[in-house]
Amino acid sequence: MYFQIKMLCITRRDKTKHYFYTPEEATERGIKWSAHWKTGQPSDWVLSDNNYIGQVLKRYEYKEKNKKQNTNRILQHVVFANGTFRTDINKFIATDRAIDVNQTINARMGLFCETAINTNFNWKAAYELAFAEFLHLQEYFSFNRIIRRLNKSPKCRRILMQKLSEKFLDNQKITLKWLFDKYVDIVESNDKTINGGHRIEALKTLTRLYGVNPDEPFKFEAHVEQITGKKVEDAVFTEKMLPEETRKLIANLDDKDNGNE
């Protein structure tokens, strides 16, 4: 049983306002509606599955071909202000906002991946949790569609890898302070070997998982100082990470600048 207390309003891109009314509000406005939205035609007022009265904006058919069985079937779509609903599988749920499918999937992908990892990769359970309020829109938010997006979208794969990395760091009790403390230890030990440089770069890479950008040296050093209470500079490591030939060239240039030709 759904309970609603007032009408819903959606403003579309062309600034046109569309309303979903409660049955009482529709009656007060003299609106006559049909109880069967699946048979609604353009401009008809129909009852939604959560008991709102909405107006049909458009209706169209789509032919779906089955190549294996060599058959076609016609799918009926009914368009409302907040989305398009297929009559054979969807429920028409009136909402106060239009649904942007791609934006919604991207916004829920982090929760989807995190839940899957925490449930030992029970993707189905993660899907039902992350997309709970959109399960009635199977045409747009089906389980298979979410999995395909995860497999094909670089952005979604990065989200998954980030969640996996965060889980690993958490299991190993590797915190941002732990990383910064190690960073300070290496810098203060004045380890000028290539190995020291590699360790610094490895620690910087891990800090990215915490949203810290090591490619901005001043902000990065300020962050280290804020967390550890120690002021450090790692500029000494920059030159060591260059190829040997480049380091020799820089050394020769320095000698020339000092008049040691």
# chains A, B, ... in the order shown; residues from 1 in each chain; ligands from 1
call {"tool": "select_by_dssp", "arguments": {"residues": "region 40-200 of chain A", "states": "strand (DSSP E or B)", "output": "PyMOL selection string"}}
result
chain A and resi 45-47+53-55+58-66+71-80+83-86
call {"tool": "write_last_selection", "arguments": {"atoms": "C-alpha atoms", "output": "PDB file, in the first residue's frame"}}
result
ATOM      1  CA  TRP A  45      -4.663  10.364 -17.636  1.00  0.00           C
ATOM      2  CA  VAL A  46      -3.946   6.985 -16.027  1.00  0.00           C
ATOM      3  CA  LEU A  47      -3.374   5.459 -12.590  1.00  0.00           C
ATOM      4  CA  ILE A  53      -2.606  10.001 -11.645  1.00  0.00           C
ATOM      5  CA  GLY A  54      -0.232  10.852 -14.517  1.00  0.00           C
ATOM      6  CA  GLN A  55      -0.643  11.859 -18.139  1.00  0.00           C
ATOM      7  CA  LYS A  58       3.665   9.328 -25.917  1.00  0.00           C
ATOM      8  CA  ARG A  59       3.229   5.675 -26.812  1.00  0.00           C
ATOM      9  CA  TYR A  60       5.258   3.634 -29.283  1.00  0.00           C
ATOM     10  CA  GLU A  61       6.036   0.086 -30.374  1.00  0.00           C
ATOM     11  CA  TYR A  62       9.383  -1.616 -30.715  1.00  0.00           C
ATOM     12  CA  LYS A  63       9.919  -4.825 -32.655  1.00  0.00           C
ATOM     13  CA  GLU A  64      12.302  -7.253 -30.982  1.00  0.00           C
ATOM     14  CA  LYS A  65      13.796  -9.889 -33.244  1.00  0.00           C
ATOM     15  CA  ASN A  66      14.752 -13.373 -32.072  1.00  0.00           C
ATOM     16  CA  THR A  71      10.385 -14.666 -34.650  1.00  0.00           C
ATOM     17  CA  ASN A  72       9.455 -11.086 -33.841  1.00  0.00           C
ATOM     18  CA  ARG A  73       7.558  -9.688 -30.914  1.00  0.00           C
ATOM     19  CA  ILE A  74       6.148  -6.220 -30.469  1.00  0.00           C
ATOM     20  CA  LEU A  75       6.980  -4.416 -27.221  1.00  0.00           C
ATOM     21  CA  GLN A  76       4.714  -1.594 -26.073  1.00  0.00           C
ATOM     22  CA  HIS A  77       6.259   1.471 -24.438  1.00  0.00           C
ATOM     23  CA  VAL A  78       4.372   4.214 -22.605  1.00  0.00           C
ATOM     24  CA  VAL A  79       6.149   7.527 -21.971  1.00  0.00           C
ATOM     25  CA  PHE A  80       5.495   9.704 -18.911  1.00  0.00           C
ATOM     26  CA  GLY A  83      10.514   8.010 -17.863  1.00  0.00           C
ATOM     27  CA  THR A  84       9.482   5.319 -20.314  1.00  0.00           C
ATOM     28  CA  PHE A  85       7.806   2.129 -19.089  1.00  0.00           C
ATOM     29  CA  ARG A  86       7.409  -1.151 -20.943  1.00  0.00           C
TER      30      ARG A  86
END
call {"tool": "residues_around", "arguments": {"residues": "Val56 (chain A)", "least_positions_apart": "4", "cutoff": "6 Å", "atoms": "only C-alpha atoms", "output": "list in words"}}
result
Pro42, Ser43, Asp44 and Phe80 of chain A
call {"tool": "write_last_selection", "arguments": {"atoms": "N, CA and C atoms", "output": "PDB file, in the first residue's frame"}}
result
ATOM      1  N   PRO A  42      -1.660   8.650 -25.845  1.00  0.00           N
ATOM      2  CA  PRO A  42      -1.176  10.013 -25.621  1.00  0.00           C
ATOM      3  C   PRO A  42      -2.290  10.970 -25.188  1.00  0.00           C
ATOM      4  N   SER A  43      -2.007  11.747 -24.146  1.00  0.00           N
ATOM      5  CA  SER A  43      -2.888  12.737 -23.502  1.00  0.00           C
ATOM      6  C   SER A  43      -3.856  12.109 -22.500  1.00  0.00           C
ATOM      7  N   ASP A  44      -3.930  10.754 -22.424  1.00  0.00           N
ATOM      8  CA  ASP A  44      -4.787  10.107 -21.419  1.00  0.00           C
ATOM      9  C   ASP A  44      -4.195  10.276 -20.024  1.00  0.00           C
ATOM     10  N   PHE A  80       6.008   8.719 -19.865  1.00  0.00           N
ATOM     11  CA  PHE A  80       5.495   9.704 -18.911  1.00  0.00           C
ATOM     12  C   PHE A  80       6.594  10.733 -18.652  1.00  0.00           C
TER      13      PHE A  80
END
call {"tool": "closest_residue", "arguments": {"among": "A:Leu160, A:Ile89, A:Val184, A:Ala26", "to": "His223 (chain A)", "atoms": "only C-alpha atoms"}}
result
A:Val184
call {"tool": "closest_residue", "arguments": {"among": "A:Asn190, A:Asn122, A:Asn50, A:Asn213", "to": "Tyr21 (chain A)", "atoms": "only C-alpha atoms"}}
result
A:Asn50
call {"tool": "closest_atom_pairs", "arguments": {"of": "region 46-154 of chain A", "to": "region 167-171 of chain A", "cutoff": "12 Å", "atoms": "only C-alpha atoms", "output": "Markdown table"}}
result
| residue | atom | partner | partner_atom | distance |
| --- | --- | --- | --- | --- |
| A:Cys113 | CA | A:Lys167 | CA | 11.0 |
| A:Glu114 | CA | A:Lys167 | CA | 8.6 |
| A:Thr115 | CA | A:Lys167 | CA | 11.1 |
| A:Ala116 | CA | A:Lys167 | CA | 11.5 |
| A:Ile117 | CA | A:Lys167 | CA | 8.0 |
| A:Asn118 | CA | A:Lys167 | CA | 8.5 |
| A:Asn120 | CA | A:Lys167 | CA | 11.7 |
call {"tool": "write_last_selection", "arguments": {"atoms": "N, CA and C atoms", "output": "CSV table (one decimal), in the first residue's frame"}}
result
chain,number,residue,atom,x,y,z
A,113,CYS,N,29.8,-2.2,-6.1
A,113,CYS,CA,31.1,-2.9,-6.0
A,113,CYS,C,31.4,-3.2,-4.5
A,114,GLU,N,31.2,-2.2,-3.7
A,114,GLU,CA,31.6,-2.4,-2.3
A,114,GLU,C,30.8,-3.5,-1.6
A,115,THR,N,29.5,-3.5,-1.9
A,115,THR,CA,28.6,-4.6,-1.3
A,115,THR,C,29.0,-5.9,-1.8
A,116,ALA,N,29.3,-6.0,-3.1
A,116,ALA,CA,29.8,-7.3,-3.7
A,116,ALA,C,31.0,-7.8,-3.0
A,117,ILE,N,32.0,-6.9,-2.8
A,117,ILE,CA,33.2,-7.4,-2.1
A,117,ILE,C,33.0,-7.8,-0.7
A,118,ASN,N,32.1,-7.1,0.0
A,118,ASN,CA,31.8,-7.4,1.4
A,118,ASN,C,31.0,-8.7,1.6
A,120,ASN,N,31.5,-11.4,-0.3
A,120,ASN,CA,32.2,-12.4,-1.0
A,120,ASN,C,31.8,-12.6,-2.4
call {"tool": "residues_around", "arguments": {"residues": "Tyr140 (chain A)", "least_positions_apart": "6", "cutoff": "12 Å", "atoms": "only C-alpha atoms", "output": "list of chain:residue names"}}
result
A:Gly83, A:Thr84, A:Phe85, A:Arg86, A:Ile89, A:Asn90, A:Ile99, A:Asp100, A:Val101, A:Asn102, A:Gln103, A:Thr104, A:Ile105, A:Phe131, A:Phe134, A:Ile146, A:Arg149
call {"tool": "write_last_selection", "arguments": {"atoms": "N, CA and C atoms", "output": "PDB file, in the first residue's frame"}}
result
ATOM      1  N   GLY A  83       9.843   9.129 -17.226  1.00  0.00           N
ATOM      2  CA  GLY A  83      10.514   8.010 -17.863  1.00  0.00           C
ATOM      3  C   GLY A  83       9.605   7.223 -18.780  1.00  0.00           C
ATOM      4  N   THR A  84      10.201   6.203 -19.403  1.00  0.00           N
ATOM      5  CA  THR A  84       9.482   5.319 -20.314  1.00  0.00           C
ATOM      6  C   THR A  84       9.318   3.954 -19.661  1.00  0.00           C
ATOM      7  N   PHE A  85       8.111   3.387 -19.767  1.00  0.00           N
ATOM      8  CA  PHE A  85       7.806   2.129 -19.089  1.00  0.00           C
ATOM      9  C   PHE A  85       7.281   1.111 -20.100  1.00  0.00           C
ATOM     10  N   ARG A  86       7.832  -0.090 -20.038  1.00  0.00           N
ATOM     11  CA  ARG A  86       7.409  -1.151 -20.943  1.00  0.00           C
ATOM     12  C   ARG A  86       6.260  -1.912 -20.311  1.00  0.00           C
ATOM     13  N   ILE A  89       6.843  -5.750 -18.647  1.00  0.00           N
ATOM     14  CA  ILE A  89       7.718  -6.069 -17.514  1.00  0.00           C
ATOM     15  C   ILE A  89       7.818  -4.951 -16.479  1.00  0.00           C
ATOM     16  N   ASN A  90       7.458  -3.729 -16.833  1.00  0.00           N
ATOM     17  CA  ASN A  90       7.664  -2.605 -15.926  1.00  0.00           C
ATOM     18  C   ASN A  90       6.441  -2.283 -15.086  1.00  0.00           C
ATOM     19  N   ILE A  99      14.338  10.176 -14.407  1.00  0.00           N
ATOM     20  CA  ILE A  99      15.425   9.259 -14.087  1.00  0.00           C
ATOM     21  C   ILE A  99      16.457   9.271 -15.213  1.00  0.00           C
ATOM     22  N   ASP A 100      17.695   9.674 -14.886  1.00  0.00           N
ATOM     23  CA  ASP A 100      18.799   9.612 -15.836  1.00  0.00           C
ATOM     24  C   ASP A 100      19.502   8.274 -15.611  1.00  0.00           C
ATOM     25  N   VAL A 101      19.316   7.352 -16.540  1.00  0.00           N
ATOM     26  CA  VAL A 101      19.790   5.983 -16.342  1.00  0.00           C
ATOM     27  C   VAL A 101      21.301   5.921 -16.152  1.00  0.00           C
ATOM     28  N   ASN A 102      22.063   6.501 -17.079  1.00  0.00           N
ATOM     29  CA  ASN A 102      23.524   6.424 -17.001  1.00  0.00           C
ATOM     30  C   ASN A 102      24.060   7.076 -15.734  1.00  0.00           C
ATOM     31  N   GLN A 103      23.512   8.237 -15.404  1.00  0.00           N
ATOM     32  CA  GLN A 103      23.964   8.941 -14.208  1.00  0.00           C
ATOM     33  C   GLN A 103      23.649   8.133 -12.950  1.00  0.00           C
ATOM     34  N   THR A 104      22.481   7.516 -12.921  1.00  0.00           N
ATOM     35  CA  THR A 104      22.085   6.721 -11.758  1.00  0.00           C
ATOM     36  C   THR A 104      22.970   5.486 -11.602  1.00  0.00           C
ATOM     37  N   ILE A 105      23.248   4.803 -12.713  1.00  0.00           N
ATOM     38  CA  ILE A 105      24.107   3.611 -12.649  1.00  0.00           C
ATOM     39  C   ILE A 105      25.494   3.983 -12.148  1.00  0.00           C
ATOM     40  N   PHE A 131      20.520  -1.146  -6.140  1.00  0.00           N
ATOM     41  CA  PHE A 131      19.510  -0.629  -7.072  1.00  0.00           C
ATOM     42  C   PHE A 131      18.097  -0.975  -6.622  1.00  0.00           C
ATOM     43  N   PHE A 134      15.068   0.821  -7.991  1.00  0.00           N
ATOM     44  CA  PHE A 134      14.910   0.832  -9.442  1.00  0.00           C
ATOM     45  C   PHE A 134      14.629  -0.566 -10.006  1.00  0.00           C
ATOM     46  N   ILE A 146      23.743  -3.995 -15.646  1.00  0.00           N
ATOM     47  CA  ILE A 146      24.708  -3.460 -14.682  1.00  0.00           C
ATOM     48  C   ILE A 146      26.037  -4.201 -14.810  1.00  0.00           C
ATOM     49  N   ARG A 149      27.849  -3.092 -17.906  1.00  0.00           N
ATOM     50  CA  ARG A 149      28.451  -1.769 -17.699  1.00  0.00           C
ATOM     51  C   ARG A 149      29.749  -1.897 -16.902  1.00  0.00           C
TER      52      ARG A 149
END
call {"tool": "residues_around", "arguments": {"residues": "region 178-181 of chain A", "least_positions_apart": "6", "cutoff": "12 Å", "atoms": "only C-alpha atoms", "output": "NGL selection string"}}
result
:A and (169-170 or 172 or 187-188 or 199-210 or 212 or 214 or 220-232)
call {"tool": "atom_distance", "arguments": {"atom1": "CA of Ala81 (chain A)", "atom2": "CA of Lys38 (chain A)"}}
result
15.3 Å
call {"tool": "atom_distance", "arguments": {"atom1": "CA of Glu128 (chain A)", "atom2": "CA of Ser142 (chain A)"}}
result
10.1 Å
call {"tool": "select_by_dssp", "arguments": {"residues": "region 101-231 of chain A", "states": "alpha helix (DSSP H)", "output": "PyMOL selection string"}}
result
chain A and resi 101-118+123-130+138-141+143-152+154-171+176-188+194-208+217-228
